[in-house]
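Okay, input38.csv now, which holds CSV, C-alpha atoms:
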```csv
chain,number,residue,atom,x,y,z
A,20,MET,CA,172.2,-24.9,-4.7
A,21,ILE,CA,169.4,-23.7,-6.9
A,22,ILE,CA,170.9,-20.3,-7.5
A,23,GLU,CA,174.3,-21.8,-8.2
A,24,ALA,CA,172.7,-24.2,-10.8
A,25,ALA,CA,170.7,-21.4,-12.4
A,26,GLY,CA,173.8,-19.2,-12.6
A,27,ALA,CA,175.9,-21.9,-14.1
A,28,ALA,CA,173.2,-22.6,-16.7
A,29,LEU,CA,173.0,-18.9,-17.7
A,30,SER,CA,176.7,-18.6,-18.0
A,31,ARG,CA,176.7,-21.3,-20.7
A,32,LEU,CA,173.5,-20.2,-22.4
A,33,PHE,CA,175.1,-18.0,-25.0
A,34,SER,CA,178.2,-20.0,-25.6
A,35,ALA,CA,179.1,-21.1,-29.1
A,36,GLU,CA,177.9,-24.7,-28.5
A,37,PHE,CA,174.6,-23.6,-27.0
A,38,ARG,CA,174.1,-21.2,-29.9
A,39,ALA,CA,174.5,-23.9,-32.4
A,40,VAL,CA,171.9,-26.1,-30.7
A,41,PHE,CA,169.6,-23.1,-30.3
A,42,LEU,CA,169.8,-22.1,-33.9
A,43,LYS,CA,169.0,-25.6,-35.1
A,44,SER,CA,166.1,-25.7,-32.7
A,45,LEU,CA,164.8,-22.3,-33.7
A,46,ALA,CA,165.1,-23.0,-37.4
A,47,LEU,CA,163.0,-26.2,-37.0
A,48,THR,CA,160.5,-24.5,-34.8
A,49,LEU,CA,160.0,-21.6,-37.3
A,50,LEU,CA,159.6,-24.2,-40.1
A,51,LEU,CA,156.9,-26.0,-38.1
A,52,LEU,CA,155.1,-22.8,-37.2
A,53,VAL,CA,155.1,-21.6,-40.8
A,54,GLY,CA,153.7,-25.0,-41.9
A,55,ALA,CA,151.1,-24.8,-39.1
A,56,TRP,CA,150.0,-21.3,-40.4
A,57,PHE,CA,149.5,-22.4,-44.0
A,58,GLY,CA,147.9,-25.6,-42.9
A,59,LEU,CA,145.3,-23.9,-40.6
A,60,LYS,CA,144.7,-21.3,-43.3
A,61,GLU,CA,143.9,-24.0,-45.9
A,62,ILE,CA,141.6,-25.7,-43.5
A,63,PHE,CA,139.7,-22.5,-42.9
A,64,ASP,CA,139.5,-21.6,-46.6
A,65,TRP,CA,138.2,-25.2,-47.3
A,66,LEU,CA,135.7,-25.4,-44.5
A,67,ALA,CA,134.5,-21.9,-43.7
A,68,LEU,CA,134.6,-19.7,-46.7
A,69,PRO,CA,132.3,-21.7,-49.0
A,70,TRP,CA,129.7,-21.8,-46.2
A,71,ILE,CA,130.0,-18.0,-45.7
A,72,ASP,CA,129.6,-17.3,-49.4
A,73,ALA,CA,126.4,-19.4,-49.5
A,74,LEU,CA,125.0,-17.7,-46.4
A,75,LEU,CA,123.3,-14.8,-48.3
A,76,PRO,CA,122.8,-16.1,-51.8
A,77,GLY,CA,120.3,-13.3,-52.7
A,78,PHE,CA,122.8,-10.6,-51.6
A,79,PRO,CA,126.1,-11.3,-53.2
A,80,SER,CA,127.6,-8.0,-52.2
A,81,TRP,CA,126.8,-8.6,-48.5
A,82,ALA,CA,128.2,-12.1,-48.8
A,83,GLY,CA,131.4,-10.7,-50.2
A,84,TRP,CA,131.7,-8.2,-47.3
A,85,LEU,CA,130.9,-11.0,-44.8
A,86,THR,CA,133.6,-13.2,-46.4
A,87,LEU,CA,136.1,-10.3,-46.1
A,88,VAL,CA,135.3,-9.6,-42.4
A,89,ALA,CA,135.4,-13.4,-41.6
A,90,ALA,CA,138.8,-13.6,-43.3
A,91,VAL,CA,140.2,-10.7,-41.3
A,92,PHE,CA,139.0,-12.2,-38.0
A,93,ALA,CA,140.3,-15.6,-39.1
A,94,GLY,CA,143.7,-14.0,-39.7
A,95,ILE,CA,143.7,-12.5,-36.3
A,96,GLY,CA,142.6,-15.9,-34.8
A,97,LEU,CA,145.3,-17.7,-36.7
A,98,ALA,CA,147.9,-15.2,-35.4
A,99,VAL,CA,146.8,-15.6,-31.8
A,100,GLY,CA,146.7,-19.4,-32.2
A,101,LEU,CA,150.2,-19.4,-33.7
A,102,ALA,CA,151.4,-17.3,-30.7
A,103,LEU,CA,150.0,-19.8,-28.3
A,104,LEU,CA,151.7,-22.6,-30.3
A,105,VAL,CA,155.2,-21.1,-29.9
A,106,SER,CA,155.9,-22.5,-26.5
A,107,PRO,CA,154.6,-26.0,-27.1
A,108,VAL,CA,156.3,-26.3,-30.5
A,109,THR,CA,159.6,-25.0,-29.0
A,110,ALA,CA,159.3,-27.6,-26.2
A,111,LEU,CA,158.7,-30.4,-28.7
A,112,VAL,CA,161.6,-29.4,-31.0
A,113,ALA,CA,164.0,-28.6,-28.2
A,114,GLY,CA,163.3,-32.0,-26.6
A,115,ILE,CA,165.1,-33.5,-29.5
A,116,PHE,CA,168.3,-31.6,-28.7
A,117,LEU,CA,168.3,-31.9,-24.9
A,118,ASP,CA,170.9,-34.6,-24.9
A,119,ASP,CA,173.2,-32.3,-26.9
A,120,ILE,CA,172.9,-29.7,-24.2
A,121,ALA,CA,173.5,-32.1,-21.4
A,122,GLU,CA,176.6,-33.4,-23.1
A,123,VAL,CA,178.0,-29.9,-23.5
A,124,VAL,CA,177.4,-29.1,-19.8
A,125,GLU,CA,178.9,-32.5,-18.7
A,126,ARG,CA,181.9,-32.2,-20.9
A,127,THR,CA,182.8,-28.6,-20.1
A,128,ASP,CA,181.8,-28.3,-16.5
A,129,TYR,CA,182.4,-31.9,-15.2
A,130,PRO,CA,185.2,-33.3,-17.3
A,131,GLN,CA,186.5,-35.4,-14.4
A,132,ASP,CA,183.1,-37.3,-14.1
A,133,PRO,CA,182.0,-40.2,-16.3
A,134,PRO,CA,179.7,-38.8,-19.1
A,135,GLY,CA,176.0,-39.5,-19.0
A,136,ARG,CA,174.3,-41.9,-21.4
A,137,ALA,CA,172.2,-40.4,-24.2
A,138,LEU,CA,168.7,-41.7,-24.3
A,139,PRO,CA,167.8,-44.0,-27.2
A,140,ALA,CA,166.2,-42.3,-30.1
A,141,LEU,CA,162.7,-43.6,-29.4
A,142,ASP,CA,162.9,-42.7,-25.7
A,143,ALA,CA,164.2,-39.2,-26.6
A,144,PHE,CA,161.2,-38.8,-29.0
A,145,VAL,CA,158.8,-39.9,-26.3
A,146,LEU,CA,160.4,-37.6,-23.8
A,147,SER,CA,160.0,-34.6,-26.2
A,148,LEU,CA,156.3,-35.5,-26.5
A,149,LYS,CA,156.1,-35.6,-22.7
A,150,PHE,CA,157.6,-32.1,-22.6
A,151,LEU,CA,155.1,-31.0,-25.2
A,152,GLY,CA,152.3,-32.4,-23.1
A,153,VAL,CA,153.6,-30.8,-19.9
A,154,VAL,CA,153.8,-27.4,-21.5
A,155,ILE,CA,150.3,-27.7,-23.0
A,156,LEU,CA,148.8,-29.0,-19.8
A,157,GLY,CA,150.5,-26.4,-17.6
A,158,ASN,CA,149.4,-23.5,-19.8
A,159,LEU,CA,145.8,-24.8,-20.2
A,160,VAL,CA,145.4,-25.1,-16.4
A,161,ALA,CA,147.0,-21.7,-16.0
A,162,LEU,CA,144.7,-20.3,-18.7
A,163,VAL,CA,141.6,-21.6,-17.0
A,164,LEU,CA,142.7,-20.3,-13.6
A,165,LEU,CA,143.3,-16.9,-15.2
A,166,LEU,CA,139.6,-16.4,-14.8
A,167,VAL,CA,139.9,-16.7,-11.0
A,168,PRO,CA,140.9,-13.4,-9.5
A,169,GLY,CA,144.0,-13.5,-7.3
A,170,VAL,CA,145.0,-16.9,-8.4
A,171,ASN,CA,146.0,-16.5,-12.0
A,172,ILE,CA,149.7,-15.5,-11.8
A,173,ALA,CA,150.3,-17.9,-8.9
A,174,ALA,CA,148.7,-20.7,-10.8
A,175,PHE,CA,150.9,-20.2,-13.8
A,176,PHE,CA,154.1,-20.4,-11.6
A,177,LEU,CA,152.9,-23.3,-9.4
A,178,VAL,CA,151.6,-25.5,-12.2
A,179,ASN,CA,154.5,-24.9,-14.6
A,180,GLY,CA,157.0,-25.0,-11.7
A,181,TYR,CA,155.9,-28.4,-10.6
A,182,LEU,CA,155.6,-29.9,-14.1
A,183,LEU,CA,158.7,-28.5,-15.6
A,184,GLY,CA,160.9,-29.1,-12.6
A,185,ARG,CA,159.8,-32.7,-12.4
A,186,GLU,CA,160.3,-33.5,-16.1
A,187,PHE,CA,163.6,-31.8,-16.6
A,188,PHE,CA,165.1,-33.1,-13.4
A,189,GLU,CA,164.1,-36.7,-14.3
A,190,PHE,CA,165.6,-36.2,-17.8
A,191,ALA,CA,169.0,-35.1,-16.3
A,192,ALA,CA,168.9,-38.0,-13.7
A,193,MET,CA,168.0,-40.6,-16.3
A,194,ARG,CA,171.3,-40.0,-18.1
A,195,PHE,CA,173.0,-41.6,-15.1
A,196,ARG,CA,170.5,-44.0,-13.6
A,197,PRO,CA,167.4,-46.1,-14.4
A,198,GLU,CA,164.1,-44.3,-14.7
A,199,ALA,CA,162.7,-45.7,-11.4
A,200,GLU,CA,165.8,-44.6,-9.6
A,201,ALA,CA,165.6,-41.1,-11.2
A,202,LYS,CA,162.0,-40.7,-10.1
A,203,ALA,CA,162.8,-41.8,-6.6
A,204,MET,CA,165.7,-39.3,-6.4
A,205,ARG,CA,163.3,-36.6,-7.6
A,206,ARG,CA,160.8,-37.5,-4.9
A,207,ARG,CA,163.5,-37.5,-2.2
A,208,ASN,CA,164.4,-33.9,-3.2
A,209,ALA,CA,160.9,-32.7,-4.2
A,210,PRO,CA,161.1,-29.3,-2.5
A,211,THR,CA,164.4,-28.5,-4.2
A,212,VAL,CA,163.2,-29.7,-7.6
A,213,PHE,CA,160.0,-27.7,-7.2
A,214,LEU,CA,161.9,-24.5,-6.4
A,215,ALA,CA,164.2,-25.0,-9.3
A,216,GLY,CA,161.0,-25.5,-11.5
A,217,LEU,CA,159.8,-22.1,-10.3
A,218,VAL,CA,163.0,-20.6,-11.7
A,219,ILE,CA,162.3,-22.3,-15.0
A,220,ALA,CA,158.7,-21.0,-14.9
A,221,GLY,CA,159.9,-17.5,-14.4
A,222,PHE,CA,162.2,-17.9,-17.4
A,223,LEU,CA,159.2,-19.2,-19.4
A,224,ALA,CA,157.2,-16.1,-18.5
A,225,LEU,CA,159.7,-13.8,-20.3
A,226,PRO,CA,158.6,-13.0,-23.9
A,227,LEU,CA,161.0,-14.1,-26.6
A,228,VAL,CA,163.5,-15.2,-24.0
A,229,ASN,CA,161.2,-18.1,-23.3
A,230,LEU,CA,162.3,-19.7,-26.6
A,231,LEU,CA,165.4,-20.6,-24.8
A,232,THR,CA,163.5,-22.2,-21.8
A,233,PRO,CA,164.1,-25.9,-22.7
A,234,LEU,CA,167.8,-25.3,-23.2
A,235,PHE,CA,168.2,-23.3,-20.0
A,236,ALA,CA,166.1,-25.8,-18.1
A,237,ALA,CA,168.1,-28.8,-19.3
A,238,ALA,CA,171.4,-27.2,-18.5
A,239,MET,CA,170.2,-26.1,-15.0
A,240,MET,CA,168.9,-29.5,-14.1
A,241,VAL,CA,172.1,-31.2,-15.2
A,242,HIS,CA,173.9,-29.0,-12.7
A,243,LEU,CA,171.3,-29.5,-10.0
A,244,HIS,CA,171.4,-33.3,-10.5
A,245,LYS,CA,175.1,-33.3,-10.1
A,246,MET,CA,174.9,-31.2,-6.9
A,247,ILE,CA,172.2,-33.4,-5.4
A,248,ALA,CA,174.0,-36.6,-6.4
A,249,ARG,CA,177.2,-35.5,-4.7
A,250,ALA,CA,175.3,-34.3,-1.6
A,251,GLU,CA,173.6,-37.7,-1.3
A,252,ALA,CA,176.9,-39.6,-1.9
A,253,GLY,CA,178.6,-37.5,0.8
A,254,ALA,CA,175.7,-38.1,3.2
A,255,ARG,CA,175.9,-41.9,2.6
A,256,THR,CA,179.7,-41.8,3.2
A,257,SER,CA,179.4,-39.9,6.4
A,258,LEU,CA,176.7,-42.3,7.6
A,259,ALA,CA,178.8,-45.3,6.8
A,260,GLN,CA,181.8,-43.8,8.6
A,261,TRP,CA,179.7,-42.9,11.6
```
Whole structure, structure tokens version:
Amino acid sequence: MIIEAAGAALSRLFSAEFRAVFLKSLALTLLLLVGAWFGLKEIFDWLALPWIDALLPGFPSWAGWLTLVAAVFAGIGLAVGLALLVSPVTALVAGIFLDDIAEVVERTDYPQDPPGRALPALDAFVLSLKFLGVVILGNLVALVLLLVPGVNIAAFFLVNGYLLGREFFEFAAMRFRPEAEAKAMRRRNAPTVFLAGLVIAGFLALPLVNLLTPLFAAAMMVHLHKMIARAEAGARTSLAQW
């Protein structure tokens, strides 16, 4: 079931409709990252450089060199910080377009089924913030556990697998059922959802490709939700007939 859902999501990932959503998401992500770069640089110039210039008032040449060295290290720090922001910012932006992805999958792969209901604008924004929080929390926990030998890689996959699997599955389920019912469905199928989350975490671990993670995860979980919903409906029918 999980492999089938992942394969179906991958087969759609580079379709024309997905590319259109990805390019919109990528353009907005790059715009936000460029804005973050200039914003952080201005904050550094305003707070740190005047203090460094005043550090050695009797030795202006030394102060100038110190300013230059500090600026170089600040540039490296900003670049590293920006690299760490790529995944969270991508998650935040892509969260806005998740309903577009779900609609494409439902329309092309399940045309005989009733379409899902797009989340209201406010709920979609809150959901994108939740995705952002999940990515940040997962990577912070994994970053801390990187200091623990033998645990680091496993921690990354376990933490991100659980959090991403939970959030993306509930997103797919909430297009067809109330939030409480979606959460209950996820709990009933917790092992399957977790294993699907591990697949998403593996996708997230691939450099550059991880920019597509939210779109891949949304498509995969739409397929997985459809499969689970049909399996549960079949089980209820069999039980009723028995």
Query raised in the report: Quick one: residues within 7 Å of region 130-137 of chain A, only C-alpha atoms counted, chain neighbours fewer than 5 positions away excluded, as a PyMOL selection string?
Result: chain A and resi 118+125+194-195
**Report entry** Shell of 9 Å around Val218 (chain A), all atoms listed in the file, local chain residues under 4 positions omitted, as a VMD selection string
**Finding:** chain A and resid 21 to 22 25 176 180 184 213 to 214 222 to 223 236
Report task. Return the single residue from A:Gly216, A:Phe190, A:Pro210, A:Glu200 that is closest to Phe175 (chain A), with distances computed using only C-alpha atoms. Result -> A:Gly216
Query - Atomic separation - CA of Asn179 (chain A) relative to CA of Ala220 (chain A), Å - result: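 The value is 5.7 Å.
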**Report entry** Separation of CA of Leu183 (chain A) from CA of Ala248 (chain A), in Å and rounded to one decimal
**Finding:**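 Taking CA of Leu183 (chain A) and CA of Ala248 (chain A), their separation equals 19.6 Å.
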Requested in this report: Please return, as number ranges by chain, all polymer residues that have at least one atom within 6 Å of the point (161.6, -22.9, -30.9); use all atoms listed in the file and the file's own coordinate frame.
Outcome: A: 44-45, 48, 109, 230
Query raised in the report: Separation of CA of Glu23 (chain A) and CA of His242 (chain A), in Å?
Result: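 Computing it gives 8.5 Å between the two atoms.
Each of A:Glu198, A:Glu251, A:Val178, A:Ala192 was checked against Leu217 (chain A) using only C-alpha atoms; the smallest atom-to-atom distance is that of A:Val178.
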Report task. Write out as an MDAnalysis selection string which residues come within 9 Å of His244 (chain A) when counting only C-alpha atoms, dropping same-chain ones fewer than 6 positions away. Result -> chainID A and resid 188:189 191:192
Write to file, as an mmCIF file, in the frame of the given file, the residues of the selection just made, with C-alpha atoms.
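Okay, part.cif is ready:
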```
data_model
loop_
_atom_site.group_PDB
_atom_site.id
_atom_site.type_symbol
_atom_site.label_atom_id
_atom_site.label_comp_id
_atom_site.auth_asym_id
_atom_site.auth_seq_id
_atom_site.Cartn_x
_atom_site.Cartn_y
_atom_site.Cartn_z
ATOM 1 C CA PHE A 188 165.100 -33.100 -13.400
ATOM 2 C CA GLU A 189 164.100 -36.700 -14.300
ATOM 3 C CA ALA A 191 169.000 -35.100 -16.300
ATOM 4 C CA ALA A 192 168.900 -38.000 -13.700
#
```
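Distance annotation: of A:Ala121, A:Val145, A:Leu32, A:Leu182, the residue with the minimal separation from Met240 (chain A) is A:Ala121; atom set is only C-alpha atoms.
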Query raised in the report: If we count only C-alpha atoms, what is near Ile120 (chain A) at a cut-off of 7 Å, once residues fewer than 6 positions away on the same chain are taken out, given as a VMD selection string?
Result: chain A and resid 37 234 237 to 238
Go ahead and save the residues from that selection, with C-alpha atoms, as a tab-separated table (two decimals), keeping the file's coordinate frame.
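The new file result_29.tsv reads:
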```tsv
chain	number	residue	atom	x	y	z
A	37	PHE	CA	174.60	-23.60	-27.00
A	234	LEU	CA	167.80	-25.30	-23.20
A	237	ALA	CA	168.10	-28.80	-19.30
A	238	ALA	CA	171.40	-27.20	-18.50
```
Report summary line: Among A:Asn229, A:Glu61, A:Arg196, A:Met246, Asn208 (chain A) is approached most closely, using all atoms listed in the file, by A:Met246
Query raised in the report: Using only C-alpha atoms, which of A:Phe187, A:Phe235, A:Phe116, A:Tyr181 sits nearest Val40 (chain A)?
Result: A:Phe116
Query raised in the report: Of the residues A:Met20, A:Ile115, A:Leu141, A:Ala35, which is the one nearest to Leu47 (chain A), using all atoms listed in the file?
Result: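 Of A:Met20, A:Ile115, A:Leu141, A:Ala35, the one nearest Leu47 (chain A), counting all atoms listed in the file, is A:Ile115.
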Save region 209-222 of chain A to disk from that block, N, CA and C atoms included, as a PDB file, in the first residue's frame.
```
ATOM      1  N   ALA A 209      -2.003   3.998  12.572  1.00  0.00           N
ATOM      2  CA  ALA A 209      -0.754   4.646  12.970  1.00  0.00           C
ATOM      3  C   ALA A 209       0.499   3.975  12.393  1.00  0.00           C
ATOM      4  N   PRO A 210       0.640   2.641  12.428  1.00  0.00           N
ATOM      5  CA  PRO A 210       1.865   2.039  11.861  1.00  0.00           C
ATOM      6  C   PRO A 210       2.034   2.331  10.366  1.00  0.00           C
ATOM      7  N   THR A 211       0.935   2.233   9.609  1.00  0.00           N
ATOM      8  CA  THR A 211       1.013   2.497   8.172  1.00  0.00           C
ATOM      9  C   THR A 211       1.378   3.951   7.897  1.00  0.00           C
ATOM     10  N   VAL A 212       0.752   4.865   8.632  1.00  0.00           N
ATOM     11  CA  VAL A 212       1.030   6.292   8.446  1.00  0.00           C
ATOM     12  C   VAL A 212       2.484   6.600   8.819  1.00  0.00           C
ATOM     13  N   PHE A 213       2.967   5.977   9.885  1.00  0.00           N
ATOM     14  CA  PHE A 213       4.352   6.206  10.298  1.00  0.00           C
ATOM     15  C   PHE A 213       5.335   5.716   9.238  1.00  0.00           C
ATOM     16  N   LEU A 214       5.098   4.520   8.700  1.00  0.00           N
ATOM     17  CA  LEU A 214       5.990   4.000   7.663  1.00  0.00           C
ATOM     18  C   LEU A 214       5.967   4.890   6.421  1.00  0.00           C
ATOM     19  N   ALA A 215       4.781   5.412   6.081  1.00  0.00           N
ATOM     20  CA  ALA A 215       4.694   6.356   4.965  1.00  0.00           C
ATOM     21  C   ALA A 215       5.473   7.628   5.293  1.00  0.00           C
ATOM     22  N   GLY A 216       5.429   8.055   6.554  1.00  0.00           N
ATOM     23  CA  GLY A 216       6.200   9.223   6.976  1.00  0.00           C
ATOM     24  C   GLY A 216       7.699   9.000   6.839  1.00  0.00           C
ATOM     25  N   LEU A 217       8.152   7.765   7.060  1.00  0.00           N
ATOM     26  CA  LEU A 217       9.568   7.463   6.878  1.00  0.00           C
ATOM     27  C   LEU A 217       9.986   7.631   5.418  1.00  0.00           C
ATOM     28  N   VAL A 218       9.087   7.273   4.506  1.00  0.00           N
ATOM     29  CA  VAL A 218       9.372   7.480   3.073  1.00  0.00           C
ATOM     30  C   VAL A 218       9.526   8.977   2.794  1.00  0.00           C
ATOM     31  N   ILE A 219       8.638   9.785   3.379  1.00  0.00           N
ATOM     32  CA  ILE A 219       8.723  11.239   3.198  1.00  0.00           C
ATOM     33  C   ILE A 219      10.019  11.775   3.798  1.00  0.00           C
ATOM     34  N   ALA A 220      10.405  11.257   4.973  1.00  0.00           N
ATOM     35  CA  ALA A 220      11.652  11.694   5.616  1.00  0.00           C
ATOM     36  C   ALA A 220      12.853  11.359   4.739  1.00  0.00           C
ATOM     37  N   GLY A 221      12.813  10.198   4.076  1.00  0.00           N
ATOM     38  CA  GLY A 221      13.889   9.844   3.150  1.00  0.00           C
ATOM     39  C   GLY A 221      13.959  10.811   1.985  1.00  0.00           C
ATOM     40  N   PHE A 222      12.818  11.220   1.490  1.00  0.00           N
ATOM     41  CA  PHE A 222      12.758  12.215   0.418  1.00  0.00           C
ATOM     42  C   PHE A 222      13.333  13.540   0.903  1.00  0.00           C
TER      43      PHE A 222
END
```
